[in-house]
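A.B. asks: For reference, the file structure_20.cif (mmCIF, C-alpha atoms) is included below:
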data_final
loop_
_atom_site.group_PDB
_atom_site.id
_atom_site.type_symbol
_atom_site.label_atom_id
_atom_site.label_comp_id
_atom_site.auth_asym_id
_atom_site.auth_seq_id
_atom_site.Cartn_x
_atom_site.Cartn_y
_atom_site.Cartn_z
ATOM 1 C CA MET A 1 56.402 102.119 116.283
ATOM 2 C CA LYS A 2 57.094 98.543 117.398
ATOM 3 C CA GLY A 3 60.660 98.487 116.030
ATOM 4 C CA PRO A 4 62.119 101.287 118.183
ATOM 5 C CA LEU A 5 60.192 100.118 121.270
ATOM 6 C CA THR A 6 61.488 96.588 120.916
ATOM 7 C CA LEU A 7 65.031 97.793 120.337
ATOM 8 C CA GLY A 8 64.758 100.064 123.386
ATOM 9 C CA ALA A 9 63.502 97.187 125.509
ATOM 10 C CA ILE A 10 66.357 94.950 124.350
ATOM 11 C CA THR A 11 68.932 97.670 125.043
ATOM 12 C CA LYS A 12 67.492 98.253 128.504
ATOM 13 C CA GLN A 13 67.514 94.532 129.284
ATOM 14 C CA ASN A 14 71.127 94.208 128.101
ATOM 15 C CA LEU A 15 72.074 97.137 130.341
ATOM 16 C CA TYR A 16 70.510 95.355 133.327
ATOM 17 C CA ARG A 17 72.416 92.198 132.421
ATOM 18 C CA ILE A 18 75.728 94.048 132.235
ATOM 19 C CA LEU A 19 75.099 95.727 135.586
ATOM 20 C CA LEU A 20 74.156 92.378 137.126
ATOM 21 C CA ILE A 21 77.322 90.735 135.784
ATOM 22 C CA LEU A 22 79.463 93.565 137.176
ATOM 23 C CA LEU A 23 77.714 93.341 140.543
ATOM 24 C CA ALA A 24 78.135 89.567 140.646
ATOM 25 C CA ALA A 25 81.841 89.874 139.801
ATOM 26 C CA ALA A 26 82.345 92.569 142.444
ATOM 27 C CA VAL A 27 80.770 90.311 145.073
ATOM 28 C CA LEU A 28 81.907 86.839 144.021
ATOM 29 C CA ILE A 29 85.614 87.484 143.427
ATOM 30 C CA PRO A 30 86.403 88.735 146.963
ATOM 31 C CA VAL A 31 83.989 86.178 148.464
ATOM 32 C CA LEU A 32 85.725 83.258 146.749
ATOM 33 C CA ILE A 33 89.096 84.561 147.915
ATOM 34 C CA TYR A 34 88.048 85.099 151.528
ATOM 35 C CA LEU A 35 85.344 82.411 151.898
ATOM 36 C CA PRO A 36 87.248 80.313 154.495
ATOM 37 C CA GLU A 37 87.741 83.408 156.668
ATOM 38 C CA ILE A 38 84.083 84.417 156.196
ATOM 39 C CA LEU A 39 82.836 80.985 157.277
ATOM 40 C CA LYS A 40 85.226 80.955 160.232
ATOM 41 C CA LEU A 41 83.887 84.337 161.391
ATOM 42 C CA THR A 42 80.302 83.106 161.491
ATOM 43 C CA VAL A 43 81.081 80.015 163.578
ATOM 44 C CA SER A 44 81.359 82.055 166.784
ATOM 45 C CA ILE A 45 78.726 84.688 167.488
ATOM 46 C CA ASP A 46 81.166 86.528 169.771
ATOM 47 C CA ASP A 47 83.897 86.595 167.114
ATOM 48 C CA PHE A 48 81.398 87.809 164.542
ATOM 49 C CA ARG A 49 80.178 90.539 166.898
ATOM 50 C CA ASP A 50 83.746 91.641 167.654
ATOM 51 C CA TYR A 51 84.540 91.797 163.941
ATOM 52 C CA ILE A 52 81.427 93.829 163.051
ATOM 53 C CA LEU A 53 81.974 96.261 165.924
ATOM 54 C CA SER A 54 85.666 96.622 165.025
ATOM 55 C CA THR A 55 84.660 98.089 161.655
ATOM 56 C CA GLY A 56 83.099 101.119 163.370
ATOM 57 C CA LYS A 57 80.500 103.069 161.415
ATOM 58 C CA SER A 58 80.815 100.621 158.509
ATOM 59 C CA GLY A 59 79.517 97.816 160.740
ATOM 60 C CA PRO A 60 75.866 97.950 159.645
ATOM 61 C CA ILE A 61 76.853 97.953 155.958
ATOM 62 C CA ILE A 62 79.157 94.967 156.458
ATOM 63 C CA PHE A 63 76.498 93.136 158.464
ATOM 64 C CA ILE A 64 73.928 93.741 155.690
ATOM 65 C CA PHE A 65 76.494 92.462 153.183
ATOM 66 C CA PHE A 66 76.776 89.202 155.174
ATOM 67 C CA GLN A 67 72.989 88.810 155.050
ATOM 68 C CA ILE A 68 73.011 89.467 151.284
ATOM 69 C CA LEU A 69 75.809 86.953 150.887
ATOM 70 C CA GLN A 70 73.910 84.333 152.859
ATOM 71 C CA THR A 71 70.824 84.786 150.678
ATOM 72 C CA VAL A 72 72.652 84.795 147.327
ATOM 73 C CA ILE A 73 75.279 82.105 147.910
ATOM 74 C CA ALA A 74 73.887 80.418 151.024
ATOM 75 C CA PRO A 75 76.955 78.681 152.497
ATOM 76 C CA ILE A 76 76.011 80.277 155.814
ATOM 77 C CA PRO A 77 72.753 79.461 157.654
ATOM 78 C CA GLY A 78 70.565 82.573 157.584
ATOM 79 C CA GLU A 79 69.501 82.065 161.184
ATOM 80 C CA VAL A 80 73.138 82.443 162.309
ATOM 81 C CA ILE A 81 73.418 85.894 160.740
ATOM 82 C CA GLN A 82 70.007 86.956 162.023
ATOM 83 C CA ILE A 83 70.756 85.782 165.571
ATOM 84 C CA ALA A 84 74.018 87.688 165.353
ATOM 85 C CA GLY A 85 72.051 90.758 164.237
ATOM 86 C CA GLY A 86 70.059 90.710 167.456
ATOM 87 C CA TYR A 87 73.171 89.942 169.490
ATOM 88 C CA ILE A 88 75.031 92.932 168.028
ATOM 89 C CA TYR A 89 72.346 95.553 167.398
ATOM 90 C CA GLY A 90 69.331 94.533 169.464
ATOM 91 C CA THR A 91 65.869 93.647 168.212
ATOM 92 C CA THR A 92 64.898 96.810 166.316
ATOM 93 C CA LEU A 93 68.121 97.539 164.411
ATOM 94 C CA GLY A 94 68.971 93.838 164.072
ATOM 95 C CA THR A 95 65.598 93.184 162.436
ATOM 96 C CA THR A 96 65.934 96.235 160.182
ATOM 97 C CA TYR A 97 69.428 95.336 158.958
ATOM 98 C CA SER A 98 68.573 91.643 158.514
ATOM 99 C CA THR A 99 65.395 92.441 156.561
ATOM 100 C CA LEU A 100 67.233 94.899 154.322
ATOM 101 C CA GLY A 101 69.988 92.381 153.600
ATOM 102 C CA LEU A 102 67.446 89.636 152.920
ATOM 103 C CA LEU A 103 65.523 91.866 150.499
ATOM 104 C CA ILE A 104 68.611 93.033 148.575
ATOM 105 C CA GLY A 105 69.889 89.452 148.372
ATOM 106 C CA ALA A 106 66.498 88.197 147.179
ATOM 107 C CA ILE A 107 66.286 90.922 144.503
ATOM 108 C CA THR A 108 69.766 89.968 143.294
ATOM 109 C CA ALA A 109 68.967 86.239 143.141
ATOM 110 C CA PHE A 110 65.538 86.724 141.544
ATOM 111 C CA TYR A 111 66.813 89.000 138.780
ATOM 112 C CA PHE A 112 69.888 86.826 138.238
ATOM 113 C CA THR A 113 67.499 84.129 137.015
ATOM 114 C CA ARG A 114 65.219 86.524 135.128
ATOM 115 C CA LEU A 115 67.981 88.352 133.257
ATOM 116 C CA LEU A 116 71.041 86.146 133.216
ATOM 117 C CA GLY A 117 70.976 82.647 134.641
ATOM 118 C CA ARG A 118 67.729 81.101 133.375
ATOM 119 C CA ALA A 119 69.469 78.197 131.599
ATOM 120 C CA TYR A 120 71.699 77.482 134.608
ATOM 121 C CA VAL A 121 68.808 77.449 137.108
ATOM 122 C CA GLU A 122 66.651 75.289 134.780
ATOM 123 C CA LYS A 123 69.493 72.788 134.463
ATOM 124 C CA LEU A 124 69.918 72.729 138.228
ATOM 125 C CA LEU A 125 66.217 72.091 138.800
ATOM 126 C CA ASN A 126 66.243 69.161 136.374
ATOM 127 C CA LYS A 127 68.417 67.179 138.772
ATOM 128 C CA ASN A 128 66.554 64.375 140.539
ATOM 129 C CA LYS A 129 66.730 65.912 144.014
ATOM 130 C CA LEU A 130 65.218 69.194 142.819
ATOM 131 C CA LYS A 131 62.590 67.983 140.329
ATOM 132 C CA TRP A 132 59.881 68.383 142.954
ATOM 133 C CA MET A 133 60.770 72.066 143.009
ATOM 134 C CA ALA A 134 60.475 72.312 139.223
ATOM 135 C CA ASN A 135 57.012 70.706 139.455
ATOM 136 C CA LEU A 136 55.893 73.443 141.817
ATOM 137 C CA LEU A 137 56.791 76.211 139.370
ATOM 138 C CA GLY A 138 54.034 75.346 136.920
ATOM 139 C CA ASN A 139 51.331 74.936 139.542
ATOM 140 C CA LYS A 140 48.330 77.258 139.375
ATOM 141 C CA LYS A 141 48.605 77.780 143.129
ATOM 142 C CA PHE A 142 52.298 78.641 142.959
ATOM 143 C CA ALA A 143 51.916 81.838 145.003
ATOM 144 C CA ILE A 144 50.246 79.893 147.833
ATOM 145 C CA PHE A 145 52.900 77.207 147.788
ATOM 146 C CA LEU A 146 55.560 79.897 147.732
ATOM 147 C CA PHE A 147 54.125 81.468 150.882
ATOM 148 C CA LEU A 148 54.003 78.082 152.640
ATOM 149 C CA ILE A 149 57.546 77.228 151.593
ATOM 150 C CA PHE A 150 58.862 80.546 152.897
ATOM 151 C CA ILE A 151 56.984 80.358 156.181
ATOM 152 C CA ILE A 152 57.611 76.680 157.007
ATOM 153 C CA PRO A 153 61.028 76.053 158.605
ATOM 154 C CA GLY A 154 63.193 73.412 156.954
ATOM 155 C CA MET A 155 62.269 74.228 153.352
ATOM 156 C CA PRO A 156 64.930 75.306 150.779
ATOM 157 C CA LYS A 157 63.945 78.979 150.805
ATOM 158 C CA ASP A 158 66.974 80.553 149.130
ATOM 159 C CA MET A 159 66.890 78.131 146.188
ATOM 160 C CA PHE A 160 63.226 79.001 145.655
ATOM 161 C CA ILE A 161 64.143 82.661 145.206
ATOM 162 C CA TYR A 162 66.202 81.658 142.165
ATOM 163 C CA ALA A 163 63.485 79.271 140.976
ATOM 164 C CA ALA A 164 60.779 81.945 141.212
ATOM 165 C CA GLY A 165 62.652 83.948 138.587
ATOM 166 C CA LEU A 166 61.678 81.268 136.053
ATOM 167 C CA THR A 167 57.973 81.937 136.587
ATOM 168 C CA PRO A 168 55.820 84.839 135.341
ATOM 169 C CA ILE A 169 55.104 85.977 138.908
ATOM 170 C CA LYS A 170 55.234 89.756 139.246
ATOM 171 C CA PRO A 171 58.285 90.970 141.211
ATOM 172 C CA LEU A 172 56.244 93.112 143.627
ATOM 173 C CA LYS A 173 53.957 90.187 144.438
ATOM 174 C CA PHE A 174 56.924 87.859 144.906
ATOM 175 C CA PHE A 175 58.867 90.147 147.229
ATOM 176 C CA THR A 176 55.716 90.879 149.257
ATOM 177 C CA ILE A 177 55.144 87.140 149.760
ATOM 178 C CA LEU A 178 58.802 86.691 150.661
ATOM 179 C CA LEU A 179 58.856 89.441 153.293
ATOM 180 C CA VAL A 180 55.487 88.600 154.857
ATOM 181 C CA ALA A 181 56.259 84.877 155.094
ATOM 182 C CA ARG A 182 59.869 85.109 156.255
ATOM 183 C CA PHE A 183 59.520 88.051 158.641
ATOM 184 C CA PRO A 184 58.126 86.119 161.663
ATOM 185 C CA TRP A 185 61.065 83.694 161.736
ATOM 186 C CA LEU A 186 63.584 86.399 160.950
ATOM 187 C CA LEU A 187 62.221 88.379 163.907
ATOM 188 C CA ALA A 188 62.333 85.286 166.106
ATOM 189 C CA SER A 189 66.001 84.692 165.222
ATOM 190 C CA VAL A 190 66.908 88.313 165.940
ATOM 191 C CA CYS A 191 65.030 88.162 169.262
ATOM 192 C CA ILE A 192 67.002 85.062 170.245
ATOM 193 C CA GLY A 193 70.253 86.920 169.635
ATOM 194 C CA SER A 194 69.092 89.983 171.553
ATOM 195 C CA ASN A 195 67.873 87.893 174.502
ATOM 196 C CA ILE A 196 71.141 85.938 174.629
ATOM 197 C CA TYR A 197 73.116 89.172 174.793
ATOM 198 C CA HIS A 198 70.883 90.554 177.555
ATOM 199 C CA LYS A 199 70.880 87.156 179.333
ATOM 200 C CA ASN A 200 67.094 86.782 179.090
ATOM 201 C CA TYR A 201 67.393 83.019 178.962
ATOM 202 C CA VAL A 202 63.760 82.184 179.708
ATOM 203 C CA ALA A 203 62.536 84.132 176.682
ATOM 204 C CA THR A 204 65.328 82.574 174.594
ATOM 205 C CA VAL A 205 64.332 79.031 175.590
ATOM 206 C CA VAL A 206 60.659 79.689 174.790
ATOM 207 C CA ILE A 207 61.453 81.082 171.331
ATOM 208 C CA VAL A 208 63.880 78.223 170.610
ATOM 209 C CA ILE A 209 61.292 75.593 171.634
ATOM 210 C CA VAL A 210 58.665 77.159 169.349
ATOM 211 C CA ALA A 211 61.185 77.455 166.478
ATOM 212 C CA VAL A 212 62.439 73.863 166.852
ATOM 213 C CA THR A 213 58.868 72.528 167.050
ATOM 214 C CA ALA A 214 57.928 74.437 163.885
ATOM 215 C CA PHE A 215 61.103 73.189 162.182
ATOM 216 C CA LEU A 216 60.308 69.546 163.032
ATOM 217 C CA LEU A 217 56.718 69.926 161.832
ATOM 218 C CA GLY A 218 58.049 71.461 158.628
ATOM 219 C CA ILE A 219 60.345 68.480 158.071
ATOM 220 C CA ILE A 220 57.570 65.978 158.844
ATOM 221 C CA TYR A 221 54.956 67.545 156.561
ATOM 222 C CA LYS A 222 57.302 68.732 153.815
ATOM 223 C CA ASP A 223 56.718 65.678 151.608
ATOM 224 C CA LYS A 224 52.949 65.946 152.050
ATOM 225 C CA LEU A 225 53.083 69.539 150.809
ATOM 226 C CA ILE A 226 55.268 68.578 147.858
ATOM 227 C CA ASN A 227 53.085 65.600 146.896
ATOM 228 C CA SER A 228 49.979 67.774 146.950
ATOM 229 C CA THR A 229 51.294 69.511 143.811
ATOM 230 C CA ASP A 230 50.310 66.475 141.752
ATOM 231 C CA SER A 231 46.641 67.589 141.830
ATOM 232 C CA ARG A 232 46.869 70.701 139.670
#
Show the structure stored in the file as structure tokens.
C.D. replies:
Amino acid sequence: MKGPLTLGAITKQNLYRILLILLAAAVLIPVLIYLPEILKLTVSIDDFRDYILSTGKSGPIIFIFFQILQTVIAPIPGEVIQIAGGYIYGTTLGTTYSTLGLLIGAITAFYFTRLLGRAYVEKLLNKNKLKWMANLLGNKKFAIFLFLIFIIPGMPKDMFIYAAGLTPIKPLKFFTILLVARFPWLLASVCIGSNIYHKNYVATVVIVIVAVTAFLLGIIYKDKLINSTDSR
């Protein structure tokens, strides 16, 4: 009985790998060609809004694609896209589209490591600047650290999505931690965009002050969090 089951599992895994390679090629080839134009679009929130709205009914799909792109490749700050989401679609739809894009991008990055890029990600984490991240992966409290890393501003969140694929963490548990921890700041970014569009500057300033304060605290206490991994 074990032979056919093992063969079936291998065939299924290879199918997932092929699909992932095709998806990566379909995304990366046009992105590499048009990357300068993509980056230029996201510099100005008004230009980005005009572009998304000019695409008509396809706008939400294209916006979600930008959020996926930011999560998977990360040349664009996620907050920029999320602020633009609120600026274009308002709080409710902006949050929905941003969350959906974040989740699809995270699934893509996580399973890239699990099914395809394990050796590449391991090699990347062995570099001096990222060894602290590799040390976290084997920690018994990895899920707790993961939550803290995702919720504290200033931490390398997108890289940790790839890194988590190296661990035995269950996908459902991982994506739940990701969404719960990142949602408050995603919502805050979308609210900033929505308030800017509606000229609610007082609310915008309050949210920005809270976000900047949290970001600075994250930077200040980041090393303390990382060093605490030595006591396993």
A.B. asks: In Å, with one decimal, what is the gap from atom CA of Lys157 of chain A to atom CA of Glu37 of chain A?
C.D. replies: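 Separating atom CA of Lys157 of chain A from atom CA of Glu37 of chain A is a distance of 24.9 Å.
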A.B. asks: Rounded to one decimal place, report the atom CA of Phe110 of chain A-atom CA of Ile161 of chain A distance in Å.
C.D. replies: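 Between atom CA of Phe110 of chain A and atom CA of Ile161 of chain A the gap is 5.6 Å.
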A.B. asks: Just the number, please: distance in Å from atom CA of Gly105 of chain A to atom CA of Thr71 of chain A, one decimal.
C.D. replies: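 Atom CA of Thr71 of chain A lies 5.3 Å from atom CA of Gly105 of chain A.
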A.B. asks: Identify all residues satisfying the PyMOL selection byres ((chain A and resi 51-53) around 12) in the given file; provide them as a count of residues only.
C.D. replies: 31
A.B. asks: Hey, could you pull the box centre and edge lengths for segment 89-106 of chain A, axis-aligned, 8 Å padding per side, all listed atoms, to one decimal in Å, as AutoDock Vina command-line options?
C.D. replies:
--center_x 68.6 --center_y 92.9 --center_z 158.3 --size_x 23.4 --size_y 25.3 --size_z 38.3
A.B. asks: From the list A:Thr108, A:Thr113, A:Thr91, A:Thr213, which residue is nearest Val190 of chain A when using all atoms listed in the file?
C.D. replies: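 For Val190 of chain A, the nearest of the candidates is A:Thr91.
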A.B. asks: Just checking: using all atoms listed in the file, which residue out of A:Thr204, A:Thr11, A:Asn126, A:Ser194 ends up closest to Gln82 of chain A?
C.D. replies: A:Ser194
A.B. asks: Which one of A:Gln70, A:Thr99, A:Thr167, A:Ser189 sits closest to Leu146 of chain A if you count all atoms listed in the file?
C.D. replies: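 Going through A:Gln70, A:Thr99, A:Thr167, A:Ser189 one by one, the smallest distance to Leu146 of chain A is for A:Thr167.
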A.B. asks: For Leu124 of chain A, which residue out of A:Phe147, A:Gly101, A:Phe160, A:Leu28 is the nearest one, using all atoms listed in the file?
C.D. replies: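 Among A:Phe147, A:Gly101, A:Phe160, A:Leu28, it is A:Phe160 that comes nearest to Leu124 of chain A.
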A.B. asks: Find the residue from A:Leu15, A:Ala214, A:Ile83, A:Ala143 that sits nearest to Lys170 of chain A; use only C-alpha atoms when measuring.
C.D. replies: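 For Lys170 of chain A, the nearest of the candidates is A:Ala143.
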A.B. asks: May I have the residues within 12 Å of Gly165 of chain A as a list in words, using all atoms listed in the file and disregarding those fewer than 6 positions away in the same chain?
C.D. replies: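 Returned residues: Ala106, Ile107, Thr108, Ala109, Phe110, Tyr111, Phe112, Thr113, Arg114, Leu115, Leu116, Gly117, Arg118, Ala119, Tyr120, Val121, Glu122, Ala134, Leu137, Asp158, Met159, Pro171, Phe174 and Phe175 of chain A.
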A.B. asks: Keeping only C-alpha atoms, write those residues as a tab-separated table (two decimals), in the frame of the given file.
C.D. replies:
chain	number	residue	atom	x	y	z
A	106	ALA	CA	66.50	88.20	147.18
A	107	ILE	CA	66.29	90.92	144.50
A	108	THR	CA	69.77	89.97	143.29
A	109	ALA	CA	68.97	86.24	143.14
A	110	PHE	CA	65.54	86.72	141.54
A	111	TYR	CA	66.81	89.00	138.78
A	112	PHE	CA	69.89	86.83	138.24
A	113	THR	CA	67.50	84.13	137.01
A	114	ARG	CA	65.22	86.52	135.13
A	115	LEU	CA	67.98	88.35	133.26
A	116	LEU	CA	71.04	86.15	133.22
A	117	GLY	CA	70.98	82.65	134.64
A	118	ARG	CA	67.73	81.10	133.38
A	119	ALA	CA	69.47	78.20	131.60
A	120	TYR	CA	71.70	77.48	134.61
A	121	VAL	CA	68.81	77.45	137.11
A	122	GLU	CA	66.65	75.29	134.78
A	134	ALA	CA	60.48	72.31	139.22
A	137	LEU	CA	56.79	76.21	139.37
A	158	ASP	CA	66.97	80.55	149.13
A	159	MET	CA	66.89	78.13	146.19
A	171	PRO	CA	58.28	90.97	141.21
A	174	PHE	CA	56.92	87.86	144.91
A	175	PHE	CA	58.87	90.15	147.23
A.B. asks: If the PyMOL selection byres ((chain A and resi 185) around 12) were run on this exact file, what residues would it hold? Put them as a PyMOL selection string.
C.D. replies: chain A and resi 78-79+82-83+95+98-99+150-154+178-184+186-192+207-208+210-212+214-215
